[in-house]
>>> print(open('start_28.cif').read())   # mmCIF, C-alpha atoms and all ligand atoms
data_data
#
loop_
_atom_site.label_atom_id
_atom_site.label_comp_id
_atom_site.auth_asym_id
_atom_site.auth_seq_id
_atom_site.Cartn_x
_atom_site.Cartn_y
_atom_site.Cartn_z
CA MET A 951 11.30 17.70 21.28
CA ALA A 952 12.05 13.97 21.19
CA ARG A 953 14.37 12.85 18.46
CA LYS A 954 12.88 11.15 15.41
CA LYS A 955 13.25 7.38 15.14
CA ILE A 956 14.48 5.94 11.88
CA ALA A 957 14.31 2.17 11.37
CA LEU A 958 16.54 0.52 8.79
CA VAL A 959 15.16 -2.89 7.86
CA GLY A 960 18.14 -4.65 6.31
CA SER A 961 21.63 -3.93 7.66
CA GLY A 962 23.75 -4.92 4.69
CA ASN A 963 25.75 -2.61 2.46
CA ILE A 964 23.03 -0.04 1.91
CA GLY A 965 21.66 -0.35 5.46
CA GLY A 966 25.06 0.32 7.01
CA THR A 967 25.71 3.28 4.72
CA LEU A 968 22.26 4.70 5.50
CA ALA A 969 22.98 4.41 9.22
CA HIS A 970 26.25 6.29 8.83
CA LEU A 971 24.82 9.10 6.66
CA ILE A 972 21.76 9.57 8.91
CA GLY A 973 24.10 9.98 11.87
CA LEU A 974 26.30 12.52 10.11
CA LYS A 975 23.17 14.54 9.32
CA GLU A 976 21.71 14.02 12.82
CA LEU A 977 18.31 13.18 11.33
CA GLY A 978 17.28 11.02 14.29
CA ASP A 979 18.05 7.93 16.34
CA VAL A 980 18.66 4.81 14.28
CA VAL A 981 17.45 1.24 14.72
CA LEU A 982 19.28 -1.26 12.54
CA PHE A 983 17.31 -4.48 11.96
CA ASP A 984 18.41 -7.65 10.18
CA VAL A 985 17.69 -11.38 10.24
CA VAL A 986 21.40 -12.10 10.69
CA GLU A 987 22.34 -12.00 14.38
CA GLY A 988 25.17 -9.69 15.35
CA VAL A 989 25.37 -7.68 12.13
CA PRO A 990 22.93 -4.89 13.04
CA GLN A 991 24.33 -4.79 16.58
CA GLY A 992 27.92 -4.70 15.35
CA LYS A 993 27.35 -2.04 12.69
CA GLY A 994 25.29 0.02 15.15
CA LEU A 995 28.00 -0.11 17.80
CA ASP A 996 30.76 0.68 15.30
CA ILE A 997 28.93 3.76 14.01
CA GLN A 998 27.94 4.74 17.56
CA GLU A 999 31.63 4.84 18.42
CA SER A 1000 32.23 7.30 15.56
CA THR A 1001 29.73 9.81 16.98
CA PRO A 1002 32.10 11.44 19.52
CA VAL A 1003 34.60 12.00 16.69
CA GLU A 1004 31.94 13.46 14.41
CA GLY A 1005 30.32 15.45 17.23
CA VAL A 1006 26.82 14.15 16.55
CA ASP A 1007 24.25 12.96 19.09
CA VAL A 1008 22.53 9.95 17.64
CA ARG A 1009 21.63 6.71 19.40
CA TYR A 1010 22.14 3.47 17.49
CA THR A 1011 20.42 0.18 18.34
CA GLY A 1012 20.80 -3.17 16.58
CA ALA A 1013 18.02 -5.76 16.60
CA ASN A 1014 16.75 -9.06 15.21
CA ASP A 1015 13.22 -8.58 16.53
CA TYR A 1016 10.61 -6.41 14.83
CA ALA A 1017 9.51 -5.04 18.21
CA ALA A 1018 12.58 -2.78 17.96
CA ILE A 1019 11.05 -0.75 15.12
CA LYS A 1020 7.99 0.13 17.22
CA GLY A 1021 6.86 3.72 16.74
CA ALA A 1022 9.43 4.49 14.03
CA ASP A 1023 8.78 7.75 12.15
CA VAL A 1024 10.62 6.57 9.03
CA VAL A 1025 11.38 3.03 7.84
CA ILE A 1026 13.90 2.44 5.07
CA VAL A 1027 13.78 -1.07 3.65
CA THR A 1028 16.79 -2.74 2.04
CA ALA A 1029 16.10 -6.26 3.31
CA GLY A 1030 16.53 -8.97 0.72
CA VAL A 1031 19.02 -10.17 -1.78
CA ALA A 1032 21.10 -7.96 -4.08
CA ARG A 1033 21.96 -9.02 -7.61
CA LYS A 1034 25.20 -10.55 -8.81
CA PRO A 1035 26.78 -10.17 -12.27
CA GLY A 1036 24.55 -11.63 -14.98
CA MET A 1037 21.34 -11.19 -12.95
CA SER A 1038 18.66 -8.65 -13.77
CA ARG A 1039 16.76 -6.88 -11.01
CA ASP A 1040 13.70 -8.89 -12.08
CA ASP A 1041 15.47 -12.18 -11.24
CA LEU A 1042 15.09 -11.23 -7.56
CA VAL A 1043 11.28 -11.03 -7.54
CA GLY A 1044 10.45 -14.43 -5.97
CA ILE A 1045 12.94 -14.32 -3.14
CA ASN A 1046 12.49 -10.65 -2.26
CA LEU A 1047 8.69 -10.94 -2.37
CA LYS A 1048 8.86 -13.31 0.61
CA VAL A 1049 11.08 -10.81 2.40
CA MET A 1050 8.57 -7.98 1.71
CA LYS A 1051 5.83 -10.11 3.30
CA ALA A 1052 7.80 -10.41 6.55
CA VAL A 1053 8.84 -6.75 6.51
CA GLY A 1054 5.34 -5.52 5.64
CA GLU A 1055 3.84 -7.49 8.51
CA GLY A 1056 6.52 -6.11 10.84
CA ILE A 1057 5.63 -2.55 9.82
CA ARG A 1058 1.88 -3.21 10.11
CA ALA A 1059 2.30 -4.51 13.66
CA ASN A 1060 4.82 -1.96 14.94
CA CYS A 1061 4.79 1.34 13.06
CA PRO A 1062 1.81 1.60 10.70
CA ASP A 1063 2.05 5.41 10.77
CA ALA A 1064 5.65 5.55 9.51
CA PHE A 1065 6.82 7.03 6.23
CA VAL A 1066 8.25 4.06 4.34
CA ILE A 1067 11.00 4.15 1.71
CA CYS A 1068 11.66 0.91 -0.15
CA ILE A 1069 15.00 0.27 -1.86
CA THR A 1070 14.83 -3.50 -2.35
CA ASN A 1071 14.74 -4.63 -6.00
CA PRO A 1072 13.00 -5.16 -8.33
CA LEU A 1073 12.00 -1.78 -7.00
CA ASP A 1074 8.58 -0.84 -8.33
CA VAL A 1075 7.02 -4.25 -7.73
CA MET A 1076 8.56 -4.43 -4.25
CA VAL A 1077 6.91 -1.10 -3.38
CA TRP A 1078 3.60 -2.57 -4.54
CA ALA A 1079 4.22 -5.69 -2.42
CA LEU A 1080 5.32 -3.75 0.65
CA GLN A 1081 2.19 -1.59 0.47
CA HIS A 1082 0.07 -4.71 0.01
CA PHE A 1083 1.56 -6.44 3.06
CA SER A 1084 1.97 -3.39 5.34
CA GLY A 1085 -1.31 -1.60 4.61
CA VAL A 1086 0.50 1.75 4.79
CA PRO A 1087 -1.49 4.33 2.76
CA ALA A 1088 -0.07 5.06 -0.68
CA ASN A 1089 0.94 8.63 0.16
CA ARG A 1090 3.28 7.31 2.88
CA ILE A 1091 5.14 4.64 0.92
CA VAL A 1092 7.60 5.33 -1.88
CA GLY A 1093 10.40 3.60 -3.70
CA MET A 1094 13.88 5.03 -4.11
CA ALA A 1095 15.03 4.80 -7.71
CA GLY A 1096 14.51 8.04 -9.61
CA VAL A 1097 16.75 10.09 -7.31
CA LEU A 1098 19.54 7.56 -7.87
CA ASP A 1099 18.95 7.25 -11.62
CA SER A 1100 18.91 11.01 -12.04
CA ALA A 1101 22.02 11.35 -9.85
CA ARG A 1102 23.79 8.96 -12.21
CA PHE A 1103 22.55 10.95 -15.21
CA ARG A 1104 23.71 14.21 -13.55
CA THR A 1105 27.12 12.73 -12.78
CA PHE A 1106 27.72 11.72 -16.40
CA LEU A 1107 26.38 15.05 -17.74
CA ALA A 1108 28.55 17.12 -15.38
CA GLU A 1109 31.55 15.09 -16.53
CA GLU A 1110 30.63 15.58 -20.20
CA PHE A 1111 30.22 19.35 -19.87
CA ASN A 1112 32.97 19.85 -17.27
CA VAL A 1113 30.61 21.78 -15.00
CA SER A 1114 29.57 21.42 -11.36
CA VAL A 1115 27.19 18.59 -10.56
CA GLU A 1116 25.23 21.19 -8.58
CA ASP A 1117 24.23 23.02 -11.75
CA VAL A 1118 22.99 19.93 -13.58
CA THR A 1119 19.40 18.87 -13.03
CA ALA A 1120 18.08 15.70 -14.59
CA PHE A 1121 14.79 13.94 -14.87
CA VAL A 1122 14.29 10.21 -15.04
CA LEU A 1123 10.81 8.68 -15.19
CA GLY A 1124 9.40 5.18 -15.23
CA GLY A 1125 10.37 1.92 -13.59
CA HIS A 1126 13.83 1.25 -12.15
CA GLY A 1127 15.09 -1.07 -14.83
CA ASP A 1128 16.06 -1.34 -18.44
CA THR A 1129 12.92 0.53 -19.48
CA MET A 1130 13.57 3.65 -17.36
CA VAL A 1131 12.98 6.92 -19.22
CA PRO A 1132 15.67 9.60 -18.85
CA LEU A 1133 13.89 12.79 -20.02
CA VAL A 1134 16.41 14.74 -22.04
CA ARG A 1135 14.31 17.82 -22.67
CA TYR A 1136 13.53 18.29 -18.96
CA SER A 1137 17.21 17.92 -17.99
CA THR A 1138 19.30 21.07 -17.85
CA VAL A 1139 22.56 22.80 -17.06
CA ALA A 1140 21.62 25.91 -15.05
CA GLY A 1141 18.22 25.90 -16.73
CA ILE A 1142 19.48 25.32 -20.29
CA PRO A 1143 17.76 22.17 -21.62
CA LEU A 1144 20.01 19.43 -23.05
CA PRO A 1145 18.66 19.75 -26.64
CA ASP A 1146 19.76 23.42 -26.57
CA LEU A 1147 23.21 22.40 -25.36
CA VAL A 1148 23.48 20.08 -28.37
CA LYS A 1149 22.56 23.01 -30.62
CA MET A 1150 25.14 25.16 -28.81
CA GLY A 1151 27.80 22.57 -29.66
CA TRP A 1152 28.48 21.54 -26.04
CA THR A 1153 27.94 17.92 -26.99
CA THR A 1154 26.56 15.86 -29.85
CA GLN A 1155 23.33 13.90 -30.08
CA GLU A 1156 25.39 10.69 -30.32
CA ARG A 1157 27.27 11.44 -27.10
CA LEU A 1158 24.03 12.36 -25.36
CA ASP A 1159 22.41 9.11 -26.51
CA ALA A 1160 25.40 7.20 -25.11
CA ILE A 1161 25.03 9.00 -21.74
CA VAL A 1162 21.33 8.13 -21.64
CA GLN A 1163 22.19 4.48 -22.26
CA ARG A 1164 24.93 4.55 -19.62
CA THR A 1165 22.35 5.92 -17.15
CA ARG A 1166 19.98 3.05 -17.95
CA ASP A 1167 22.83 0.58 -17.41
CA GLY A 1168 24.20 2.45 -14.38
CA GLY A 1169 23.33 -0.26 -11.87
CA ALA A 1170 24.77 -3.05 -14.01
CA GLU A 1171 27.99 -1.08 -14.53
CA ILE A 1172 28.57 -1.10 -10.77
CA VAL A 1173 27.52 -4.75 -10.34
CA ASN A 1174 30.01 -5.79 -13.03
CA LEU A 1175 32.80 -3.87 -11.33
CA LEU A 1176 32.05 -5.01 -7.77
CA LYS A 1177 31.23 -8.62 -8.76
CA THR A 1178 30.01 -9.44 -5.23
CA GLY A 1179 27.00 -7.16 -4.92
CA SER A 1180 25.39 -3.98 -6.15
CA ALA A 1181 25.76 -0.23 -5.63
CA PHE A 1182 25.32 1.12 -2.12
CA TYR A 1183 26.83 4.56 -1.57
CA ALA A 1184 24.70 6.46 -4.11
CA PRO A 1185 21.50 4.49 -3.32
CA ALA A 1186 21.92 5.27 0.39
CA ALA A 1187 22.59 8.98 -0.24
CA SER A 1188 19.49 9.15 -2.45
CA ALA A 1189 17.20 7.57 0.16
CA VAL A 1190 18.58 9.84 2.89
CA ALA A 1191 17.72 12.89 0.76
CA MET A 1192 14.14 11.58 0.51
CA ALA A 1193 13.91 10.88 4.25
CA GLU A 1194 15.27 14.36 4.99
CA SER A 1195 12.68 16.02 2.75
CA TYR A 1196 9.93 14.21 4.70
CA LEU A 1197 11.37 14.77 8.18
CA LYS A 1198 12.16 18.45 7.62
CA ASP A 1199 9.05 19.08 5.49
CA LYS A 1200 11.32 20.46 2.77
CA LYS A 1201 8.78 19.73 0.02
CA ARG A 1202 11.49 18.79 -2.44
CA VAL A 1203 10.40 17.76 -5.92
CA MET A 1204 11.90 14.34 -6.50
CA PRO A 1205 11.27 11.40 -8.79
CA VAL A 1206 10.10 8.44 -6.68
CA ALA A 1207 8.21 5.22 -7.25
CA THR A 1208 4.68 6.08 -6.17
CA LEU A 1209 1.10 5.09 -6.87
CA VAL A 1210 0.20 6.59 -10.24
CA LYS A 1211 -3.58 6.52 -10.46
CA GLY A 1212 -5.39 5.28 -13.53
CA GLY A 1213 -6.32 8.29 -15.68
CA THR A 1214 -3.13 10.18 -14.84
CA TYR A 1215 0.06 9.99 -16.86
CA GLY A 1216 -1.98 8.30 -19.60
CA GLN A 1217 -2.33 5.12 -17.51
CA PRO A 1218 -5.39 2.86 -17.83
CA ASP A 1219 -5.20 1.72 -14.19
CA ASP A 1220 -3.22 2.19 -10.95
CA VAL A 1221 0.47 1.30 -11.03
CA PHE A 1222 3.49 1.94 -8.78
CA VAL A 1223 6.10 3.58 -10.99
CA GLY A 1224 8.55 6.46 -10.96
CA VAL A 1225 7.24 10.02 -11.44
CA PRO A 1226 8.11 13.38 -9.85
CA VAL A 1227 6.36 14.15 -6.56
CA VAL A 1228 6.47 16.75 -3.80
CA LEU A 1229 7.84 15.11 -0.61
CA GLY A 1230 6.94 16.80 2.65
CA GLU A 1231 5.44 16.12 6.08
CA GLY A 1232 2.39 14.62 4.35
CA GLY A 1233 4.59 12.13 2.53
CA VAL A 1234 3.74 12.27 -1.16
CA GLU A 1235 1.89 15.59 -1.08
CA ARG A 1236 1.42 15.87 -4.80
CA VAL A 1237 2.16 13.87 -7.92
CA VAL A 1238 3.55 16.26 -10.52
CA GLU A 1239 2.07 15.37 -13.89
CA ILE A 1240 4.28 16.75 -16.63
CA ASN A 1241 3.47 16.85 -20.32
CA LEU A 1242 5.03 14.05 -22.30
CA ASP A 1243 5.44 14.05 -26.07
CA ALA A 1244 4.40 10.96 -28.05
CA ALA A 1245 7.80 9.25 -27.84
CA GLU A 1246 8.16 9.94 -24.11
CA GLN A 1247 4.60 8.72 -23.43
CA ALA A 1248 5.27 5.52 -25.39
CA ALA A 1249 8.49 4.91 -23.43
CA PHE A 1250 6.71 5.60 -20.13
CA ASN A 1251 3.85 3.24 -21.06
CA LYS A 1252 6.34 0.52 -21.92
CA SER A 1253 8.05 0.99 -18.57
CA ALA A 1254 4.75 0.98 -16.63
CA ASP A 1255 3.64 -2.14 -18.52
CA ALA A 1256 6.89 -3.90 -17.57
CA VAL A 1257 6.07 -3.15 -13.89
CA ARG A 1258 2.48 -4.42 -14.41
CA GLY A 1259 3.88 -7.64 -15.86
CA LEU A 1260 6.02 -8.21 -12.77
CA VAL A 1261 3.14 -7.35 -10.41
CA THR A 1262 1.10 -10.06 -12.17
CA VAL A 1263 3.97 -12.51 -11.58
CA ALA A 1264 4.12 -11.43 -7.92
CA LYS A 1265 0.34 -11.85 -7.46
CA GLY A 1266 0.67 -15.37 -8.88
CA LEU A 1267 3.45 -16.16 -6.38
CA ILE A 1268 1.39 -14.83 -3.46
CA GLY A 1269 -1.52 -17.06 -4.59
N1 LIG B 1301 14.52 -9.46 6.92
C1 LIG B 1301 15.48 -8.54 7.22
N2 LIG B 1301 16.66 -8.50 6.60
C2 LIG B 1301 16.89 -9.42 5.65
C3 LIG B 1301 15.94 -10.40 5.29
C4 LIG B 1301 14.70 -10.39 5.97
N3 LIG B 1301 13.75 -11.27 5.71
N4 LIG B 1301 16.48 -11.16 4.31
C5 LIG B 1301 17.70 -10.67 4.06
N5 LIG B 1301 17.96 -9.62 4.87
C6 LIG B 1301 19.16 -8.80 4.98
C7 LIG B 1301 20.44 -9.55 4.74
O1 LIG B 1301 20.83 -10.30 5.88
C8 LIG B 1301 21.41 -8.42 4.43
O2 LIG B 1301 22.06 -7.94 5.59
O3 LIG B 1301 19.16 -7.79 3.99
C9 LIG B 1301 20.49 -7.32 3.88
C10 LIG B 1301 20.77 -6.98 2.43
O4 LIG B 1301 22.03 -6.43 2.37
P1 LIG B 1301 23.05 -6.65 1.14
O5 LIG B 1301 23.01 -8.08 0.72
O6 LIG B 1301 24.34 -6.05 1.53
O7 LIG B 1301 22.34 -5.82 -0.04
P2 LIG B 1301 22.36 -4.26 -0.29
O8 LIG B 1301 23.49 -3.92 -1.19
O9 LIG B 1301 22.24 -3.53 1.00
O10 LIG B 1301 21.02 -4.11 -1.17
C11 LIG B 1301 19.76 -4.39 -0.61
O11 LIG B 1301 18.63 -3.00 -2.20
O12 LIG B 1301 19.38 -2.00 -4.15
C12 LIG B 1301 18.68 -3.06 -3.62
O13 LIG B 1301 19.05 -4.81 -5.22
C13 LIG B 1301 19.35 -4.36 -3.92
O14 LIG B 1301 17.52 -5.71 -3.23
C14 LIG B 1301 18.81 -5.24 -2.85
C15 LIG B 1301 18.68 -4.30 -1.65
#
>>> encode(input="start_28.cif", output="structure tokens")
Amino acid sequence: MARKKIALVGSGNIGGTLAHLIGLKELGDVVLFDVVEGVPQGKGLDIQESTPVEGVDVRYTGANDYAAIKGADVVIVTAGVARKPGMSRDDLVGINLKVMKAVGEGIRANCPDAFVICITNPLDVMVWALQHFSGVPANRIVGMAGVLDSARFRTFLAEEFNVSVEDVTAFVLGGHGDTMVPLVRYSTVAGIPLPDLVKMGWTTQERLDAIVQRTRDGGAEIVNLLKTGSAFYAPAASAVAMAESYLKDKKRVMPVATLVKGGTYGQPDDVFVGVPVVLGEGGVERVVEINLDAAEQAAFNKSADAVRGLVTVAKGLIG
């Protein structure tokens, strides 16, 4: 069987890390694409030269021409500008919208049947834009945010309880931004929901509230430390887990930015926003609609409305 082809549009910090992780997992051959000449070629060659040491058979190609992504099975998009200290993700909308137009047209012309994962921020609106410009059906285009946000939540919870990260599951809904909704009652340690752990004296409500807030601010915490860019190791690992679930038809249940249809999740109309889905060979095979209490529904609505506001801005910019 021919190897799968994975195209990485954007070969910056996340793109390079994606290329490395995909190789280590032997998920398929990798095409690195970027507008900057030399960078995708150089990163590709560097990682290629690590393959004999790692004992993996993966072919890397670097390119500045969209023809190189022809026939890709998976496209992971990180093209665009990352934020600097003091910037919100939303500040990037104008500039990254133009990038999504070019990328979407490149996908439409070369690999319209690919499964597309968008990472570029502001995430939810960029997924909307990429779908608009690429024409890829909604079940085959998702945004990577919830896996990362819940990984951050899991990291902080495992630290708080001094238990393995493996035994902590966490749920984060909504848009990838200040309004994201970490769902405490659906997050557990080995199946024990967080509110029970508070009752058991493992932590206090105050400490849990602080962890929830740290999760919401998780991206900014890294930006403020790095000063020159934003997080890339954990975002890349999260997107690779999503790509793997699609390529191996694992049918993992993961929170992703997807098209939430009007009438579901209490929404009046369609909106791209983060909810749990089943990811398999059919892409988004099922949107998992969980019950929300009044406070959770209000927080989710606020988050979805923030995405709608940015989509309106984006539509105005497209003209
Ligand atoms: N087409 C292709 N690549 C582009 C384009 C374009 N039109 N415009 C910019 N790029 C490339 C840049 O040359 C750079 O190599 O996108 C890459 C972005 O890489 P970084 O600046 O290192 O950013 P990174 O940390 O990888 O984050 C990428 O993901 O998490 C989000 O907010 C983040 O939007 C940002 C994106």
>>> closest_atom_pairs(input="start_28.cif", of="chain A", to="ligand LIG 1301 (chain B)", cutoff="9 Å", atoms="all atoms listed in the file", output="JSON lines")
{"residue": "A:Val959", "atom": "CA", "partner": "B:LIG1301", "partner_atom": "C1", "distance": 5.7}
{"residue": "A:Gly960", "atom": "CA", "partner": "B:LIG1301", "partner_atom": "O3", "distance": 4.0}
{"residue": "A:Ser961", "atom": "CA", "partner": "B:LIG1301", "partner_atom": "O2", "distance": 4.5}
{"residue": "A:Gly962", "atom": "CA", "partner": "B:LIG1301", "partner_atom": "O4", "distance": 3.3}
{"residue": "A:Asn963", "atom": "CA", "partner": "B:LIG1301", "partner_atom": "O6", "distance": 3.8}
{"residue": "A:Ile964", "atom": "CA", "partner": "B:LIG1301", "partner_atom": "O9", "distance": 3.7}
{"residue": "A:Gly965", "atom": "CA", "partner": "B:LIG1301", "partner_atom": "O9", "distance": 5.5}
{"residue": "A:Gly966", "atom": "CA", "partner": "B:LIG1301", "partner_atom": "O9", "distance": 7.7}
{"residue": "A:Thr967", "atom": "CA", "partner": "B:LIG1301", "partner_atom": "O9", "distance": 8.5}
{"residue": "A:Phe983", "atom": "CA", "partner": "B:LIG1301", "partner_atom": "C1", "distance": 6.5}
{"residue": "A:Asp984", "atom": "CA", "partner": "B:LIG1301", "partner_atom": "N2", "distance": 4.1}
{"residue": "A:Val985", "atom": "CA", "partner": "B:LIG1301", "partner_atom": "C1", "distance": 4.7}
{"residue": "A:Val986", "atom": "CA", "partner": "B:LIG1301", "partner_atom": "O1", "distance": 5.2}
{"residue": "A:Glu987", "atom": "CA", "partner": "B:LIG1301", "partner_atom": "O1", "distance": 8.8}
{"residue": "A:Val989", "atom": "CA", "partner": "B:LIG1301", "partner_atom": "O2", "distance": 7.3}
{"residue": "A:Pro990", "atom": "CA", "partner": "B:LIG1301", "partner_atom": "O2", "distance": 8.1}
{"residue": "A:Asn1014", "atom": "CA", "partner": "B:LIG1301", "partner_atom": "C1", "distance": 8.1}
{"residue": "A:Val1027", "atom": "CA", "partner": "B:LIG1301", "partner_atom": "O11", "distance": 7.8}
{"residue": "A:Thr1028", "atom": "CA", "partner": "B:LIG1301", "partner_atom": "C11", "distance": 4.3}
{"residue": "A:Ala1029", "atom": "CA", "partner": "B:LIG1301", "partner_atom": "O3", "distance": 3.5}
{"residue": "A:Gly1030", "atom": "CA", "partner": "B:LIG1301", "partner_atom": "C5", "distance": 3.9}
{"residue": "A:Val1031", "atom": "CA", "partner": "B:LIG1301", "partner_atom": "O14", "distance": 4.9}
{"residue": "A:Ala1032", "atom": "CA", "partner": "B:LIG1301", "partner_atom": "C14", "distance": 3.8}
{"residue": "A:Arg1033", "atom": "CA", "partner": "B:LIG1301", "partner_atom": "O13", "distance": 5.6}
{"residue": "A:Arg1039", "atom": "CA", "partner": "B:LIG1301", "partner_atom": "O13", "distance": 6.6}
{"residue": "A:Leu1042", "atom": "CA", "partner": "B:LIG1301", "partner_atom": "O14", "distance": 7.4}
{"residue": "A:Ile1045", "atom": "CA", "partner": "B:LIG1301", "partner_atom": "N4", "distance": 8.8}
{"residue": "A:Asn1046", "atom": "CA", "partner": "B:LIG1301", "partner_atom": "O14", "distance": 7.1}
{"residue": "A:Lys1048", "atom": "CA", "partner": "B:LIG1301", "partner_atom": "N3", "distance": 7.4}
{"residue": "A:Val1049", "atom": "CA", "partner": "B:LIG1301", "partner_atom": "N3", "distance": 4.3}
{"residue": "A:Met1050", "atom": "CA", "partner": "B:LIG1301", "partner_atom": "N3", "distance": 7.3}
{"residue": "A:Lys1051", "atom": "CA", "partner": "B:LIG1301", "partner_atom": "N3", "distance": 8.4}
{"residue": "A:Ala1052", "atom": "CA", "partner": "B:LIG1301", "partner_atom": "N3", "distance": 6.1}
{"residue": "A:Val1053", "atom": "CA", "partner": "B:LIG1301", "partner_atom": "N1", "distance": 6.3}
{"residue": "A:Cys1068", "atom": "CA", "partner": "B:LIG1301", "partner_atom": "O11", "distance": 8.3}
{"residue": "A:Ile1069", "atom": "CA", "partner": "B:LIG1301", "partner_atom": "O11", "distance": 4.9}
{"residue": "A:Thr1070", "atom": "CA", "partner": "B:LIG1301", "partner_atom": "O14", "distance": 3.6}
{"residue": "A:Asn1071", "atom": "CA", "partner": "B:LIG1301", "partner_atom": "O14", "distance": 4.1}
{"residue": "A:Pro1072", "atom": "CA", "partner": "B:LIG1301", "partner_atom": "O13", "distance": 6.8}
{"residue": "A:Leu1073", "atom": "CA", "partner": "B:LIG1301", "partner_atom": "C12", "distance": 7.6}
{"residue": "A:Met1094", "atom": "CA", "partner": "B:LIG1301", "partner_atom": "O12", "distance": 8.9}
{"residue": "A:Ala1095", "atom": "CA", "partner": "B:LIG1301", "partner_atom": "O12", "distance": 8.8}
{"residue": "A:Gly1169", "atom": "CA", "partner": "B:LIG1301", "partner_atom": "O12", "distance": 8.8}
{"residue": "A:Gly1179", "atom": "CA", "partner": "B:LIG1301", "partner_atom": "O8", "distance": 6.1}
{"residue": "A:Ser1180", "atom": "CA", "partner": "B:LIG1301", "partner_atom": "O8", "distance": 5.3}
{"residue": "A:Ala1181", "atom": "CA", "partner": "B:LIG1301", "partner_atom": "O8", "distance": 6.2}
{"residue": "A:Phe1182", "atom": "CA", "partner": "B:LIG1301", "partner_atom": "O8", "distance": 5.4}
{"residue": "A:Pro1185", "atom": "CA", "partner": "B:LIG1301", "partner_atom": "O12", "distance": 6.9}
{"residue": "A:Ala1186", "atom": "CA", "partner": "B:LIG1301", "partner_atom": "O9", "distance": 8.8}
>>> atom_distance(input="start_28.cif", atom1="CA of Thr1208 (chain A)", atom2="CA of Phe1222 (chain A)")
5.0 Å
>>> residues_around(input="start_28.cif", residues="Lys1177 (chain A)", least_positions_apart="5", cutoff="12 Å", atoms="all atoms listed in the file", output="PyMOL selection string")
chain A and resi 1032-1037+1169-1172
>>> closest_residue(input="start_28.cif", among="A:Leu974, A:Ile956, A:Ala969, A:Ala1022", to="Ala1193 (chain A)", atoms="all atoms listed in the file")
A:Ile956
>>> atom_distance(input="start_28.cif", atom1="CA of Gly1213 (chain A)", atom2="CA of Val1263 (chain A)")
23.6 Å
>>> closest_residue(input="start_28.cif", among="A:Phe1250, A:Tyr1183, A:Phe1111, A:Trp1078", to="Leu1133 (chain A)", atoms="all atoms listed in the file")
A:Phe1250
>>> residues_around(input="start_28.cif", residues="Ile1161 (chain A)", least_positions_apart="3", cutoff="9 Å", atoms="only C-alpha atoms", output="MDAnalysis selection string")
chainID A and resid 1103 1106:1107 1110 1156:1158 1164:1166
>>> write_last_selection(input="start_28.cif", atoms="C-alpha atoms", output="PDB file, in the frame of the given file")
ATOM      1  CA  PHE A1103      22.550  10.950 -15.210  1.00  0.00           C
ATOM      2  CA  PHE A1106      27.720  11.720 -16.400  1.00  0.00           C
ATOM      3  CA  LEU A1107      26.380  15.050 -17.740  1.00  0.00           C
ATOM      4  CA  GLU A1110      30.630  15.580 -20.200  1.00  0.00           C
ATOM      5  CA  GLU A1156      25.390  10.690 -30.320  1.00  0.00           C
ATOM      6  CA  ARG A1157      27.270  11.440 -27.100  1.00  0.00           C
ATOM      7  CA  LEU A1158      24.030  12.360 -25.360  1.00  0.00           C
ATOM      8  CA  ARG A1164      24.930   4.550 -19.620  1.00  0.00           C
ATOM      9  CA  THR A1165      22.350   5.920 -17.150  1.00  0.00           C
ATOM     10  CA  ARG A1166      19.980   3.050 -17.950  1.00  0.00           C
TER      11      ARG A1166
END
>>> closest_atom_pairs(input="start_28.cif", of="region 1029-1141 of chain A", to="region 1148-1154 of chain A", cutoff="12 Å", atoms="all atoms listed in the file", output="CSV")
residue,atom,partner,partner_atom,distance
A:Leu1107,CA,A:Thr1153,CA,9.8
A:Ala1108,CA,A:Trp1152,CA,11.5
A:Glu1109,CA,A:Thr1153,CA,11.4
A:Glu1110,CA,A:Thr1153,CA,7.7
A:Phe1111,CA,A:Trp1152,CA,6.8
A:Asn1112,CA,A:Trp1152,CA,10.0
A:Val1113,CA,A:Trp1152,CA,11.2
A:Val1134,CA,A:Val1148,CA,10.9
A:Arg1135,CA,A:Val1148,CA,11.0
A:Thr1138,CA,A:Val1148,CA,11.4
A:Val1139,CA,A:Trp1152,CA,10.8
>>> atom_distance(input="start_28.cif", atom1="CA of Ala1018 (chain A)", atom2="CA of Glu1055 (chain A)")
13.7 Å
>>> residues_around(input="start_28.cif", residues="region 1120-1131 of chain A", least_positions_apart="5", cutoff="6 Å", atoms="all atoms listed in the file", output="PyMOL selection string")
chain A and resi 1095-1096+1100+1104+1137+1166+1223-1225+1250+1253
>>> residues_around(input="start_28.cif", residues="Lys954 (chain A)", least_positions_apart="5", cutoff="10 Å", atoms="only C-alpha atoms", output="list in words")
Glu976, Leu977, Gly978, Asp979, Val980, Val1008, Gly1021, Ala1022, Asp1023, Val1024 and Leu1197 of chain A
